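Here is the file upload.pdb (PDB, C-alpha atoms).
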```
ATOM      1  CA  MET A  85     -82.327 -99.087-107.321
ATOM      2  CA  PRO A  86     -81.148 -96.049-105.358
ATOM      3  CA  THR A  87     -83.552 -93.172-104.796
ATOM      4  CA  GLN A  88     -83.396 -89.891-106.675
ATOM      5  CA  GLU A  89     -81.973 -88.260-103.558
ATOM      6  CA  GLU A  90     -79.253 -90.887-103.242
ATOM      7  CA  MET A  91     -78.196 -90.555-106.869
ATOM      8  CA  LYS A  92     -78.135 -86.772-106.709
ATOM      9  CA  ALA A  93     -76.144 -86.903-103.477
ATOM     10  CA  ALA A  94     -73.563 -89.100-105.210
ATOM     11  CA  LEU A  95     -73.175 -86.595-108.054
ATOM     12  CA  GLN A  96     -72.867 -83.752-105.550
ATOM     13  CA  GLY A  97     -70.273 -85.863-103.736
ATOM     14  CA  TYR A  98     -68.351 -86.181-106.988
ATOM     15  CA  VAL A  99     -68.213 -82.384-107.323
ATOM     16  CA  ASP A 100     -67.366 -81.913-103.650
ATOM     17  CA  GLY A 101     -64.619 -84.547-103.749
ATOM     18  CA  PHE A 102     -62.852 -82.736-106.578
ATOM     19  CA  ASN A 103     -63.198 -79.395-104.859
ATOM     20  CA  ALA A 104     -61.870 -80.803-101.571
ATOM     21  CA  GLY A 105     -58.881 -82.349-103.355
ATOM     22  CA  ASP A 106     -59.994 -85.787-102.150
ATOM     23  CA  PRO A 107     -59.670 -88.362-104.942
ATOM     24  CA  ALA A 108     -60.498 -91.257-102.594
ATOM     25  CA  ALA A 109     -63.895 -89.703-101.885
ATOM     26  CA  VAL A 110     -64.576 -89.492-105.619
ATOM     27  CA  ALA A 111     -63.380 -93.017-106.415
ATOM     28  CA  ALA A 112     -65.403 -94.442-103.506
ATOM     29  CA  LEU A 113     -68.604 -93.439-105.310
ATOM     30  CA  PHE A 114     -67.883 -96.085-107.962
ATOM     31  CA  ALA A 115     -68.495 -99.824-107.919
ATOM     32  CA  ASP A 116     -65.374-101.984-108.132
ATOM     33  CA  ASP A 117     -66.266-103.057-111.673
ATOM     34  CA  ALA A 118     -67.454 -99.644-112.889
ATOM     35  CA  VAL A 119     -66.719 -98.301-116.349
ATOM     36  CA  VAL A 120     -65.678 -94.694-117.019
ATOM     37  CA  GLU A 121     -65.833 -93.135-120.491
ATOM     38  CA  ASP A 122     -64.352 -89.643-120.154
ATOM     39  CA  PRO A 123     -64.758 -88.227-122.713
ATOM     40  CA  VAL A 124     -67.369 -90.180-124.641
ATOM     41  CA  GLY A 125     -65.666 -91.480-127.773
ATOM     42  CA  HIS A 126     -62.351 -92.249-126.084
ATOM     43  CA  PRO A 127     -61.479 -95.726-124.807
ATOM     44  CA  ARG A 128     -63.216 -96.643-121.578
ATOM     45  CA  ILE A 129     -61.385 -97.477-118.396
ATOM     46  CA  ALA A 130     -62.765-100.127-116.079
ATOM     47  CA  GLY A 131     -62.225-101.541-112.639
ATOM     48  CA  ARG A 132     -61.073-100.369-109.242
ATOM     49  CA  ALA A 133     -57.354 -99.863-109.964
ATOM     50  CA  ALA A 134     -57.925 -97.906-113.163
ATOM     51  CA  ILE A 135     -60.623 -95.746-111.593
ATOM     52  CA  ASP A 136     -58.513 -94.980-108.506
ATOM     53  CA  GLU A 137     -55.616 -93.963-110.729
ATOM     54  CA  PHE A 138     -57.797 -91.890-113.045
ATOM     55  CA  TYR A 139     -59.227 -89.800-110.216
ATOM     56  CA  ALA A 140     -55.912 -89.527-108.390
ATOM     57  CA  ASN A 141     -54.488 -87.893-111.506
ATOM     58  CA  ALA A 142     -57.543 -85.756-112.220
ATOM     59  CA  VAL A 143     -57.739 -84.361-108.691
ATOM     60  CA  ALA A 144     -53.960 -83.885-108.462
ATOM     61  CA  GLY A 145     -54.201 -81.770-111.603
ATOM     62  CA  GLY A 146     -56.125 -79.232-109.575
ATOM     63  CA  ALA A 147     -59.435 -79.471-111.412
ATOM     64  CA  LYS A 148     -62.269 -77.646-109.655
ATOM     65  CA  LEU A 149     -65.901 -78.243-110.633
ATOM     66  CA  SER A 150     -68.879 -75.893-110.525
ATOM     67  CA  LEU A 151     -72.404 -76.982-111.408
ATOM     68  CA  ASP A 152     -74.246 -75.280-114.264
ATOM     69  CA  GLY A 153     -77.690 -75.621-112.726
ATOM     70  CA  PRO A 154     -79.269 -78.321-110.585
ATOM     71  CA  ILE A 155     -78.328 -81.995-110.838
ATOM     72  CA  ARG A 156     -80.963 -83.970-112.744
ATOM     73  CA  GLY A 157     -82.340 -87.391-111.883
ATOM     74  CA  SER A 158     -84.442 -89.683-114.043
ATOM     75  CA  HIS A 159     -87.257 -92.208-113.729
ATOM     76  CA  GLY A 160     -84.655 -94.972-113.715
ATOM     77  CA  ASP A 161     -81.124 -95.700-112.573
ATOM     78  CA  ARG A 162     -79.413 -92.594-113.979
ATOM     79  CA  ALA A 163     -78.619 -89.055-112.957
ATOM     80  CA  ALA A 164     -76.864 -86.286-114.869
ATOM     81  CA  MET A 165     -75.213 -82.936-114.325
ATOM     82  CA  ALA A 166     -73.814 -80.087-116.392
ATOM     83  CA  PHE A 167     -70.730 -78.444-114.948
ATOM     84  CA  THR A 168     -67.663 -76.402-115.716
ATOM     85  CA  VAL A 169     -64.173 -77.654-114.861
ATOM     86  CA  GLU A 170     -61.514 -75.057-114.108
ATOM     87  CA  VAL A 171     -57.866 -76.118-114.156
ATOM     88  CA  PRO A 172     -56.090 -72.912-113.128
ATOM     89  CA  ALA A 173     -52.556 -74.330-113.430
ATOM     90  CA  MET A 174     -53.225 -75.027-117.098
ATOM     91  CA  GLY A 175     -55.369 -71.953-117.699
ATOM     92  CA  MET A 176     -58.012 -74.360-118.957
ATOM     93  CA  ARG A 177     -61.792 -74.527-118.728
ATOM     94  CA  ILE A 178     -63.848 -77.532-119.840
ATOM     95  CA  ARG A 179     -67.643 -77.597-120.086
ATOM     96  CA  ALA A 180     -68.975 -81.110-119.527
ATOM     97  CA  ILE A 181     -72.177 -83.050-118.999
ATOM     98  CA  ASP A 182     -71.734 -86.280-117.049
ATOM     99  CA  VAL A 183     -74.292 -89.073-116.970
ATOM    100  CA  MET A 184     -73.959 -91.638-114.170
ATOM    101  CA  THR A 185     -75.678 -95.025-114.111
ATOM    102  CA  PHE A 186     -76.156 -96.655-110.705
ATOM    103  CA  GLY A 187     -76.224-100.209-109.454
ATOM    104  CA  PRO A 188     -78.722-101.495-106.898
ATOM    105  CA  ASP A 189     -76.311-100.740-104.033
ATOM    106  CA  GLY A 190     -76.131 -97.046-104.941
ATOM    107  CA  LYS A 191     -72.636 -97.181-106.426
ATOM    108  CA  ILE A 192     -71.920 -95.741-109.859
ATOM    109  CA  VAL A 193     -71.493 -98.530-112.417
ATOM    110  CA  LYS A 194     -71.048 -96.334-115.493
ATOM    111  CA  MET A 195     -69.925 -92.767-116.028
ATOM    112  CA  GLU A 196     -70.116 -91.069-119.408
ATOM    113  CA  ALA A 197     -68.610 -87.586-119.767
ATOM    114  CA  HIS A 198     -69.830 -85.524-122.707
ATOM    115  CA  TRP A 199     -67.315 -82.910-123.781
ATOM    116  CA  GLY A 200     -65.640 -82.372-127.079
ATOM    117  CA  PRO A 201     -62.584 -80.604-128.464
ATOM    118  CA  ASP A 202     -64.672 -77.434-128.820
ATOM    119  CA  ASP A 203     -65.748 -77.509-125.167
ATOM    120  CA  ILE A 204     -62.255 -76.627-123.936
ATOM    121  CA  GLU A 205     -61.219 -72.989-123.571
ATOM    122  CA  GLN A 206     -57.589 -72.095-123.064
TER     123      GLN A 206
ATOM    124  CA  MET B 197     -69.984 -89.336-138.150
ATOM    125  CA  PRO B 198     -71.259 -85.741-138.063
ATOM    126  CA  THR B 199     -68.935 -82.992-136.878
ATOM    127  CA  GLN B 200     -69.172 -81.361-133.471
ATOM    128  CA  GLU B 201     -70.666 -78.300-135.130
ATOM    129  CA  GLU B 202     -73.310 -80.355-136.911
ATOM    130  CA  MET B 203     -74.352 -82.164-133.732
ATOM    131  CA  LYS B 204     -74.524 -78.950-131.729
ATOM    132  CA  ALA B 205     -76.541 -77.283-134.494
ATOM    133  CA  ALA B 206     -79.036 -80.153-134.321
ATOM    134  CA  LEU B 207     -79.466 -79.697-130.564
ATOM    135  CA  GLN B 208     -79.876 -75.945-131.019
ATOM    136  CA  GLY B 209     -82.418 -76.723-133.736
ATOM    137  CA  TYR B 210     -84.314 -78.888-131.247
ATOM    138  CA  VAL B 211     -84.553 -75.954-128.825
ATOM    139  CA  ASP B 212     -85.438 -73.501-131.586
ATOM    140  CA  GLY B 213     -88.103 -75.802-133.027
ATOM    141  CA  PHE B 214     -89.902 -75.968-129.682
ATOM    142  CA  ASN B 215     -89.672 -72.227-129.200
ATOM    143  CA  ALA B 216     -90.990 -71.557-132.723
ATOM    144  CA  GLY B 217     -93.909 -73.929-132.150
ATOM    145  CA  ASP B 218     -92.718 -76.048-135.078
ATOM    146  CA  PRO B 219     -92.953 -79.766-134.247
ATOM    147  CA  ALA B 220     -92.061 -80.793-137.812
ATOM    148  CA  ALA B 221     -88.716 -79.025-137.479
ATOM    149  CA  VAL B 222     -87.995 -80.944-134.272
ATOM    150  CA  ALA B 223     -89.097 -84.325-135.626
ATOM    151  CA  ALA B 224     -87.061 -83.802-138.808
ATOM    152  CA  LEU B 225     -83.868 -83.915-136.729
ATOM    153  CA  PHE B 226     -84.496 -87.613-136.054
ATOM    154  CA  ALA B 227     -83.783 -90.651-138.198
ATOM    155  CA  ASP B 228     -86.835 -92.631-139.279
ATOM    156  CA  ASP B 229     -85.883 -95.501-136.959
ATOM    157  CA  ALA B 230     -84.782 -93.351-134.024
ATOM    158  CA  VAL B 231     -85.529 -94.218-130.405
ATOM    159  CA  VAL B 232     -86.666 -91.655-127.822
ATOM    160  CA  GLU B 233     -86.518 -92.332-124.073
ATOM    161  CA  ASP B 234     -88.113 -89.302-122.380
ATOM    162  CA  PRO B 235     -87.731 -89.559-119.472
ATOM    163  CA  VAL B 236     -85.029 -92.199-118.970
ATOM    164  CA  GLY B 237     -86.676 -95.079-117.137
ATOM    165  CA  HIS B 238     -89.975 -94.849-118.994
ATOM    166  CA  PRO B 239     -90.774 -97.036-122.026
ATOM    167  CA  ARG B 240     -89.043 -95.913-125.199
ATOM    168  CA  ILE B 241     -90.870 -94.837-128.301
ATOM    169  CA  ALA B 242     -89.442 -95.673-131.705
ATOM    170  CA  GLY B 243     -89.971 -94.910-135.344
ATOM    171  CA  ARG B 244     -91.193 -92.050-137.500
ATOM    172  CA  ALA B 245     -94.901 -92.150-136.648
ATOM    173  CA  ALA B 246     -94.366 -92.337-132.888
ATOM    174  CA  ILE B 247     -91.744 -89.575-132.937
ATOM    175  CA  ASP B 248     -93.882 -87.274-135.077
ATOM    176  CA  GLU B 249     -96.804 -87.771-132.682
ATOM    177  CA  PHE B 250     -94.649 -87.307-129.593
ATOM    178  CA  TYR B 251     -93.309 -83.938-130.712
ATOM    179  CA  ALA B 252     -96.647 -82.778-132.110
ATOM    180  CA  ASN B 253     -98.090 -83.233-128.625
ATOM    181  CA  ALA B 254     -95.087 -81.792-126.795
ATOM    182  CA  VAL B 255     -94.954 -78.640-128.913
ATOM    183  CA  ALA B 256     -98.757 -78.227-128.879
ATOM    184  CA  GLY B 257     -98.549 -78.246-125.072
ATOM    185  CA  GLY B 258     -96.705 -74.939-125.287
ATOM    186  CA  ALA B 259     -93.373 -76.100-123.875
ATOM    187  CA  LYS B 260     -90.603 -73.522-124.266
ATOM    188  CA  LEU B 261     -86.950 -74.465-123.766
ATOM    189  CA  SER B 262     -84.033 -72.384-122.488
ATOM    190  CA  LEU B 263     -80.486 -73.707-122.353
ATOM    191  CA  ASP B 264     -78.663 -73.871-119.007
ATOM    192  CA  GLY B 265     -75.221 -73.185-120.450
ATOM    193  CA  PRO B 266     -73.597 -74.152-123.732
ATOM    194  CA  ILE B 267     -74.433 -77.350-125.605
ATOM    195  CA  ARG B 268     -71.718 -79.981-125.139
ATOM    196  CA  GLY B 269     -70.249 -82.274-127.766
ATOM    197  CA  SER B 270     -68.079 -85.338-127.272
ATOM    198  CA  HIS B 271     -65.209 -87.158-128.933
ATOM    199  CA  GLY B 272     -67.729 -89.485-130.527
ATOM    200  CA  ASP B 273     -71.241 -89.537-131.920
ATOM    201  CA  ARG B 274     -73.018 -87.832-129.025
ATOM    202  CA  ALA B 275     -73.916 -84.349-127.866
ATOM    203  CA  ALA B 276     -75.729 -83.198-124.724
ATOM    204  CA  MET B 277     -77.483 -80.186-123.287
ATOM    205  CA  ALA B 278     -78.945 -79.040-119.987
ATOM    206  CA  PHE B 279     -82.076 -76.946-120.270
ATOM    207  CA  THR B 280     -85.205 -75.791-118.523
ATOM    208  CA  VAL B 281     -88.651 -76.433-119.963
ATOM    209  CA  GLU B 282     -91.396 -73.945-119.136
ATOM    210  CA  VAL B 283     -95.014 -74.932-119.725
ATOM    211  CA  PRO B 284     -96.883 -71.762-118.784
ATOM    212  CA  ALA B 285    -100.365 -73.188-119.362
ATOM    213  CA  MET B 286     -99.654 -75.830-116.727
ATOM    214  CA  GLY B 287     -97.577 -73.594-114.463
ATOM    215  CA  MET B 288     -94.870 -76.205-114.771
ATOM    216  CA  ARG B 289     -91.088 -76.109-115.030
ATOM    217  CA  ILE B 290     -88.948 -79.166-115.793
ATOM    218  CA  ARG B 291     -85.160 -79.247-115.585
ATOM    219  CA  ALA B 292     -83.718 -81.791-118.030
ATOM    220  CA  ILE B 293     -80.476 -83.004-119.538
ATOM    221  CA  ASP B 294     -80.850 -84.575-122.982
ATOM    222  CA  VAL B 295     -78.214 -86.758-124.604
ATOM    223  CA  MET B 296     -78.503 -87.293-128.370
ATOM    224  CA  THR B 297     -76.675 -90.001-130.324
ATOM    225  CA  PHE B 298     -76.189 -89.409-134.036
ATOM    226  CA  GLY B 299     -76.027 -91.629-137.099
ATOM    227  CA  PRO B 300     -73.507 -91.158-139.902
ATOM    228  CA  ASP B 301     -75.976 -88.982-141.868
ATOM    229  CA  GLY B 302     -76.234 -86.470-139.019
ATOM    230  CA  LYS B 303     -79.714 -87.506-137.906
ATOM    231  CA  ILE B 304     -80.448 -88.294-134.255
ATOM    232  CA  VAL B 305     -80.793 -92.048-133.744
ATOM    233  CA  LYS B 306     -81.272 -91.994-129.956
ATOM    234  CA  MET B 307     -82.476 -89.379-127.499
ATOM    235  CA  GLU B 308     -82.311 -89.895-123.755
ATOM    236  CA  ALA B 309     -83.910 -87.264-121.508
ATOM    237  CA  HIS B 310     -82.717 -87.202-117.907
ATOM    238  CA  TRP B 311     -85.299 -85.719-115.553
ATOM    239  CA  GLY B 312     -86.954 -87.210-112.550
ATOM    240  CA  PRO B 313     -90.039 -86.615-110.430
ATOM    241  CA  ASP B 314     -88.041 -84.149-108.327
ATOM    242  CA  ASP B 315     -86.994 -82.115-111.370
ATOM    243  CA  ILE B 316     -90.520 -80.788-111.921
ATOM    244  CA  GLU B 317     -91.664 -77.620-110.177
ATOM    245  CA  GLN B 318     -95.316 -76.690-110.103
TER     246      GLN B 318
END
```

Once more with this new file: its structure as structure tokens, please.
Amino acid sequence: MPTQEEMKAALQGYVDGFNAGDPAAVAALFADDAVVEDPVGHPRIAGRAAIDEFYANAVAGGAKLSLDGPIRGSHGDRAAMAFTVEVPAMGMRIRAIDVMTFGPDGKIVKMEAHWGPDDIEQ
Amino acid sequence: MPTQEEMKAALQGYVDGFNAGDPAAVAALFADDAVVEDPVGHPRIAGRAAIDEFYANAVAGGAKLSLDGPIRGSHGDRAAMAFTVEVPAMGMRIRAIDVMTFGPDGKIVKMEAHWGPDDIEQ
């Protein structure tokens, strides 16, 4: 299991990858067989090709992320963060809380993004 | 499935119950067969008696909660919030992110609290 520091660094890397416009850096945080549920309640996507495509589109859309407070760890294989997504081109703001589950090699195996219809401002 | 508003009201009620020193109000948000994992990675507790006892102790300890930004919903049966717990008597601060899963009757059926050893300040 990765350490708390390693998990938190991965979540910070997720934020930084978006803000640097670097989708490959974001996708590289995930295991090849990872599952992404963004938002929770929508169909999950799974696997390397789907994840690469998902983040290519998300980063190309110009989304910039800012943390709402420190990244949290756990006493297990999960870490979580609350953040605000700004998409200036769409005049859109989304408030989300992402929970990431990690595999033994430190890659993200599951990502669950909590945001609902009411968490978008336009 | 409860509405976004109902789920968010339950999470706000959780915060308010702590801050009012009212453990019964907090425990009443949970289904009788709910599961609480606080923190994630520690053994879960389950069922009415265990949940009542857990929150009686937590509230008696003087923990006060303040939200770090708005409560988030989802497109499903979950809502989440980032908050800071202050326990003045112990000079302790914990930064947590809780994810609650709801049953069809609007009661919480699962609570997962994300905070690690590094998320406590003393």

**Asked** Could you spell out the hits of the ChimeraX specification (/B :<7) & /A on the shown file, as a count of residues only?
**Response** 21

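Straight-line separation from CA of Gly258 (chain B) to CA of Ala230 (chain B): 23.6 Å.
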
**Fill in**
CA of Ala221 (chain B) sits from CA of Met197 (chain B) at a separation of 21.4 Å

**Atom-to-atom span, CA of Leu113 (chain A) and CA of Ala94 (chain A), Å** = 6.6 Å

Least-squares superposed chain B, target chain A, every Cα, as a PDB file with C-alpha atoms, in the frame of the given file:
```pdb
ATOM      1  CA  MET B 197     -82.326 -99.093-107.331  1.00  0.00           C
ATOM      2  CA  PRO B 198     -81.150 -96.047-105.357  1.00  0.00           C
ATOM      3  CA  THR B 199     -83.558 -93.176-104.796  1.00  0.00           C
ATOM      4  CA  GLN B 200     -83.396 -89.896-106.678  1.00  0.00           C
ATOM      5  CA  GLU B 201     -81.971 -88.273-103.565  1.00  0.00           C
ATOM      6  CA  GLU B 202     -79.257 -90.902-103.239  1.00  0.00           C
ATOM      7  CA  MET B 203     -78.194 -90.563-106.875  1.00  0.00           C
ATOM      8  CA  LYS B 204     -78.127 -86.777-106.705  1.00  0.00           C
ATOM      9  CA  ALA B 205     -76.132 -86.914-103.466  1.00  0.00           C
ATOM     10  CA  ALA B 206     -73.562 -89.111-105.213  1.00  0.00           C
ATOM     11  CA  LEU B 207     -73.177 -86.596-108.048  1.00  0.00           C
ATOM     12  CA  GLN B 208     -72.866 -83.752-105.545  1.00  0.00           C
ATOM     13  CA  GLY B 209     -70.280 -85.862-103.725  1.00  0.00           C
ATOM     14  CA  TYR B 210     -68.347 -86.184-106.987  1.00  0.00           C
ATOM     15  CA  VAL B 211     -68.210 -82.389-107.320  1.00  0.00           C
ATOM     16  CA  ASP B 212     -67.368 -81.907-103.648  1.00  0.00           C
ATOM     17  CA  GLY B 213     -64.628 -84.545-103.742  1.00  0.00           C
ATOM     18  CA  PHE B 214     -62.855 -82.739-106.578  1.00  0.00           C
ATOM     19  CA  ASN B 215     -63.191 -79.390-104.859  1.00  0.00           C
ATOM     20  CA  ALA B 216     -61.861 -80.797-101.565  1.00  0.00           C
ATOM     21  CA  GLY B 217     -58.883 -82.346-103.357  1.00  0.00           C
ATOM     22  CA  ASP B 218     -59.990 -85.783-102.153  1.00  0.00           C
ATOM     23  CA  PRO B 219     -59.661 -88.368-104.942  1.00  0.00           C
ATOM     24  CA  ALA B 220     -60.493 -91.258-102.593  1.00  0.00           C
ATOM     25  CA  ALA B 221     -63.888 -89.705-101.893  1.00  0.00           C
ATOM     26  CA  VAL B 222     -64.585 -89.489-105.629  1.00  0.00           C
ATOM     27  CA  ALA B 223     -63.379 -93.011-106.418  1.00  0.00           C
ATOM     28  CA  ALA B 224     -65.401 -94.438-103.516  1.00  0.00           C
ATOM     29  CA  LEU B 225     -68.608 -93.441-105.320  1.00  0.00           C
ATOM     30  CA  PHE B 226     -67.885 -96.088-107.965  1.00  0.00           C
ATOM     31  CA  ALA B 227     -68.496 -99.824-107.924  1.00  0.00           C
ATOM     32  CA  ASP B 228     -65.382-101.984-108.130  1.00  0.00           C
ATOM     33  CA  ASP B 229     -66.276-103.060-111.675  1.00  0.00           C
ATOM     34  CA  ALA B 230     -67.461 -99.657-112.885  1.00  0.00           C
ATOM     35  CA  VAL B 231     -66.723 -98.302-116.353  1.00  0.00           C
ATOM     36  CA  VAL B 232     -65.679 -94.696-117.021  1.00  0.00           C
ATOM     37  CA  GLU B 233     -65.842 -93.135-120.495  1.00  0.00           C
ATOM     38  CA  ASP B 234     -64.345 -89.637-120.162  1.00  0.00           C
ATOM     39  CA  PRO B 235     -64.745 -88.212-122.707  1.00  0.00           C
ATOM     40  CA  VAL B 236     -67.379 -90.177-124.638  1.00  0.00           C
ATOM     41  CA  GLY B 237     -65.670 -91.466-127.766  1.00  0.00           C
ATOM     42  CA  HIS B 238     -62.363 -92.237-126.079  1.00  0.00           C
ATOM     43  CA  PRO B 239     -61.477 -95.734-124.812  1.00  0.00           C
ATOM     44  CA  ARG B 240     -63.210 -96.653-121.575  1.00  0.00           C
ATOM     45  CA  ILE B 241     -61.386 -97.473-118.394  1.00  0.00           C
ATOM     46  CA  ALA B 242     -62.760-100.129-116.074  1.00  0.00           C
ATOM     47  CA  GLY B 243     -62.220-101.546-112.638  1.00  0.00           C
ATOM     48  CA  ARG B 244     -61.057-100.378-109.232  1.00  0.00           C
ATOM     49  CA  ALA B 245     -57.356 -99.876-109.960  1.00  0.00           C
ATOM     50  CA  ALA B 246     -57.919 -97.915-113.169  1.00  0.00           C
ATOM     51  CA  ILE B 247     -60.614 -95.740-111.586  1.00  0.00           C
ATOM     52  CA  ASP B 248     -58.521 -94.998-108.502  1.00  0.00           C
ATOM     53  CA  GLU B 249     -55.608 -93.970-110.734  1.00  0.00           C
ATOM     54  CA  PHE B 250     -57.802 -91.898-113.034  1.00  0.00           C
ATOM     55  CA  TYR B 251     -59.223 -89.793-110.215  1.00  0.00           C
ATOM     56  CA  ALA B 252     -55.906 -89.538-108.379  1.00  0.00           C
ATOM     57  CA  ASN B 253     -54.482 -87.900-111.497  1.00  0.00           C
ATOM     58  CA  ALA B 254     -57.539 -85.759-112.214  1.00  0.00           C
ATOM     59  CA  VAL B 255     -57.739 -84.365-108.684  1.00  0.00           C
ATOM     60  CA  ALA B 256     -53.949 -83.901-108.447  1.00  0.00           C
ATOM     61  CA  GLY B 257     -54.190 -81.767-111.597  1.00  0.00           C
ATOM     62  CA  GLY B 258     -56.122 -79.215-109.562  1.00  0.00           C
ATOM     63  CA  ALA B 259     -59.433 -79.463-111.411  1.00  0.00           C
ATOM     64  CA  LYS B 260     -62.269 -77.637-109.651  1.00  0.00           C
ATOM     65  CA  LEU B 261     -65.899 -78.231-110.627  1.00  0.00           C
ATOM     66  CA  SER B 262     -68.883 -75.874-110.525  1.00  0.00           C
ATOM     67  CA  LEU B 263     -72.394 -76.984-111.415  1.00  0.00           C
ATOM     68  CA  ASP B 264     -74.241 -75.275-114.280  1.00  0.00           C
ATOM     69  CA  GLY B 265     -77.688 -75.621-112.730  1.00  0.00           C
ATOM     70  CA  PRO B 266     -79.256 -78.321-110.586  1.00  0.00           C
ATOM     71  CA  ILE B 267     -78.316 -81.993-110.847  1.00  0.00           C
ATOM     72  CA  ARG B 268     -80.963 -83.971-112.743  1.00  0.00           C
ATOM     73  CA  GLY B 269     -82.345 -87.388-111.888  1.00  0.00           C
ATOM     74  CA  SER B 270     -84.435 -89.692-114.048  1.00  0.00           C
ATOM     75  CA  HIS B 271     -87.240 -92.211-113.733  1.00  0.00           C
ATOM     76  CA  GLY B 272     -84.643 -94.961-113.717  1.00  0.00           C
ATOM     77  CA  ASP B 273     -81.119 -95.696-112.569  1.00  0.00           C
ATOM     78  CA  ARG B 274     -79.415 -92.603-113.975  1.00  0.00           C
ATOM     79  CA  ALA B 275     -78.622 -89.053-112.951  1.00  0.00           C
ATOM     80  CA  ALA B 276     -76.869 -86.276-114.874  1.00  0.00           C
ATOM     81  CA  MET B 277     -75.211 -82.933-114.338  1.00  0.00           C
ATOM     82  CA  ALA B 278     -73.810 -80.080-116.397  1.00  0.00           C
ATOM     83  CA  PHE B 279     -70.735 -78.429-114.953  1.00  0.00           C
ATOM     84  CA  THR B 280     -67.654 -76.403-115.713  1.00  0.00           C
ATOM     85  CA  VAL B 281     -64.179 -77.652-114.862  1.00  0.00           C
ATOM     86  CA  GLU B 282     -61.510 -75.059-114.112  1.00  0.00           C
ATOM     87  CA  VAL B 283     -57.862 -76.106-114.156  1.00  0.00           C
ATOM     88  CA  PRO B 284     -56.088 -72.911-113.121  1.00  0.00           C
ATOM     89  CA  ALA B 285     -52.564 -74.317-113.424  1.00  0.00           C
ATOM     90  CA  MET B 286     -53.226 -75.021-117.098  1.00  0.00           C
ATOM     91  CA  GLY B 287     -55.383 -71.954-117.714  1.00  0.00           C
ATOM     92  CA  MET B 288     -58.015 -74.353-118.961  1.00  0.00           C
ATOM     93  CA  ARG B 289     -61.796 -74.525-118.724  1.00  0.00           C
ATOM     94  CA  ILE B 290     -63.845 -77.534-119.844  1.00  0.00           C
ATOM     95  CA  ARG B 291     -67.631 -77.587-120.092  1.00  0.00           C
ATOM     96  CA  ALA B 292     -68.981 -81.107-119.529  1.00  0.00           C
ATOM     97  CA  ILE B 293     -72.175 -83.049-119.000  1.00  0.00           C
ATOM     98  CA  ASP B 294     -71.728 -86.283-117.048  1.00  0.00           C
ATOM     99  CA  VAL B 295     -74.289 -89.072-116.969  1.00  0.00           C
ATOM    100  CA  MET B 296     -73.953 -91.638-114.165  1.00  0.00           C
ATOM    101  CA  THR B 297     -75.689 -95.025-114.103  1.00  0.00           C
ATOM    102  CA  PHE B 298     -76.158 -96.653-110.713  1.00  0.00           C
ATOM    103  CA  GLY B 299     -76.232-100.221-109.447  1.00  0.00           C
ATOM    104  CA  PRO B 300     -78.739-101.489-106.891  1.00  0.00           C
ATOM    105  CA  ASP B 301     -76.313-100.742-104.018  1.00  0.00           C
ATOM    106  CA  GLY B 302     -76.149 -97.053-104.941  1.00  0.00           C
ATOM    107  CA  LYS B 303     -72.652 -97.180-106.417  1.00  0.00           C
ATOM    108  CA  ILE B 304     -71.929 -95.741-109.866  1.00  0.00           C
ATOM    109  CA  VAL B 305     -71.486 -98.535-112.411  1.00  0.00           C
ATOM    110  CA  LYS B 306     -71.043 -96.332-115.498  1.00  0.00           C
ATOM    111  CA  MET B 307     -69.932 -92.754-116.032  1.00  0.00           C
ATOM    112  CA  GLU B 308     -70.116 -91.063-119.412  1.00  0.00           C
ATOM    113  CA  ALA B 309     -68.609 -87.579-119.760  1.00  0.00           C
ATOM    114  CA  HIS B 310     -69.836 -85.522-122.703  1.00  0.00           C
ATOM    115  CA  TRP B 311     -67.316 -82.896-123.782  1.00  0.00           C
ATOM    116  CA  GLY B 312     -65.648 -82.378-127.088  1.00  0.00           C
ATOM    117  CA  PRO B 313     -62.599 -80.603-128.473  1.00  0.00           C
ATOM    118  CA  ASP B 314     -64.682 -77.436-128.826  1.00  0.00           C
ATOM    119  CA  ASP B 315     -65.757 -77.512-125.175  1.00  0.00           C
ATOM    120  CA  ILE B 316     -62.264 -76.634-123.941  1.00  0.00           C
ATOM    121  CA  GLU B 317     -61.222 -73.005-123.575  1.00  0.00           C
ATOM    122  CA  GLN B 318     -57.597 -72.097-123.079  1.00  0.00           C
TER     123      GLN B 318
END
```

**Prompt:** If you count only C-alpha atoms, which residues fall within 12 Å of Ala133 (chain A), apart from same-chain ones fewer than 6 positions away, as a list in words?
**Reply:**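 Near Ala133 (chain A), the qualifying residues are Ala108, Ala111, Ala112, Phe114, Ala115, Asp116, Asp117, Ala118, Val119, Tyr139 and Ala140 of chain A.
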
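For the file shown, the residue list from the PyMOL selection byres ((chain B and resi 232) around 6) reads Val231, Glu233, Arg240, Ile241, Lys306 and Met307 of chain B.
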
**Prompt:** Once the PyMOL selection byres ((chain A and resi 206) around 6) has been applied to the shown file, what residues remain in the selection, as a list in words?
**Reply:**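 Taken over the shown coordinates, the PyMOL selection byres ((chain A and resi 206) around 6) returns Gly175, Met176 and Glu205 of chain A.
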
**Complete:** In terms of all atoms listed in the file, the residue from A:Ala173, A:Val110, A:Ala104, A:Ile192 at minimal distance from Glu137 (chain A) is A:Val110

**Item:** Expected residue set, 6 Å radius at (-59.6, -74.3, -113.0), only C-alpha atoms, as a ChimeraX atom specification
**Value:** /A:147-148,169-172
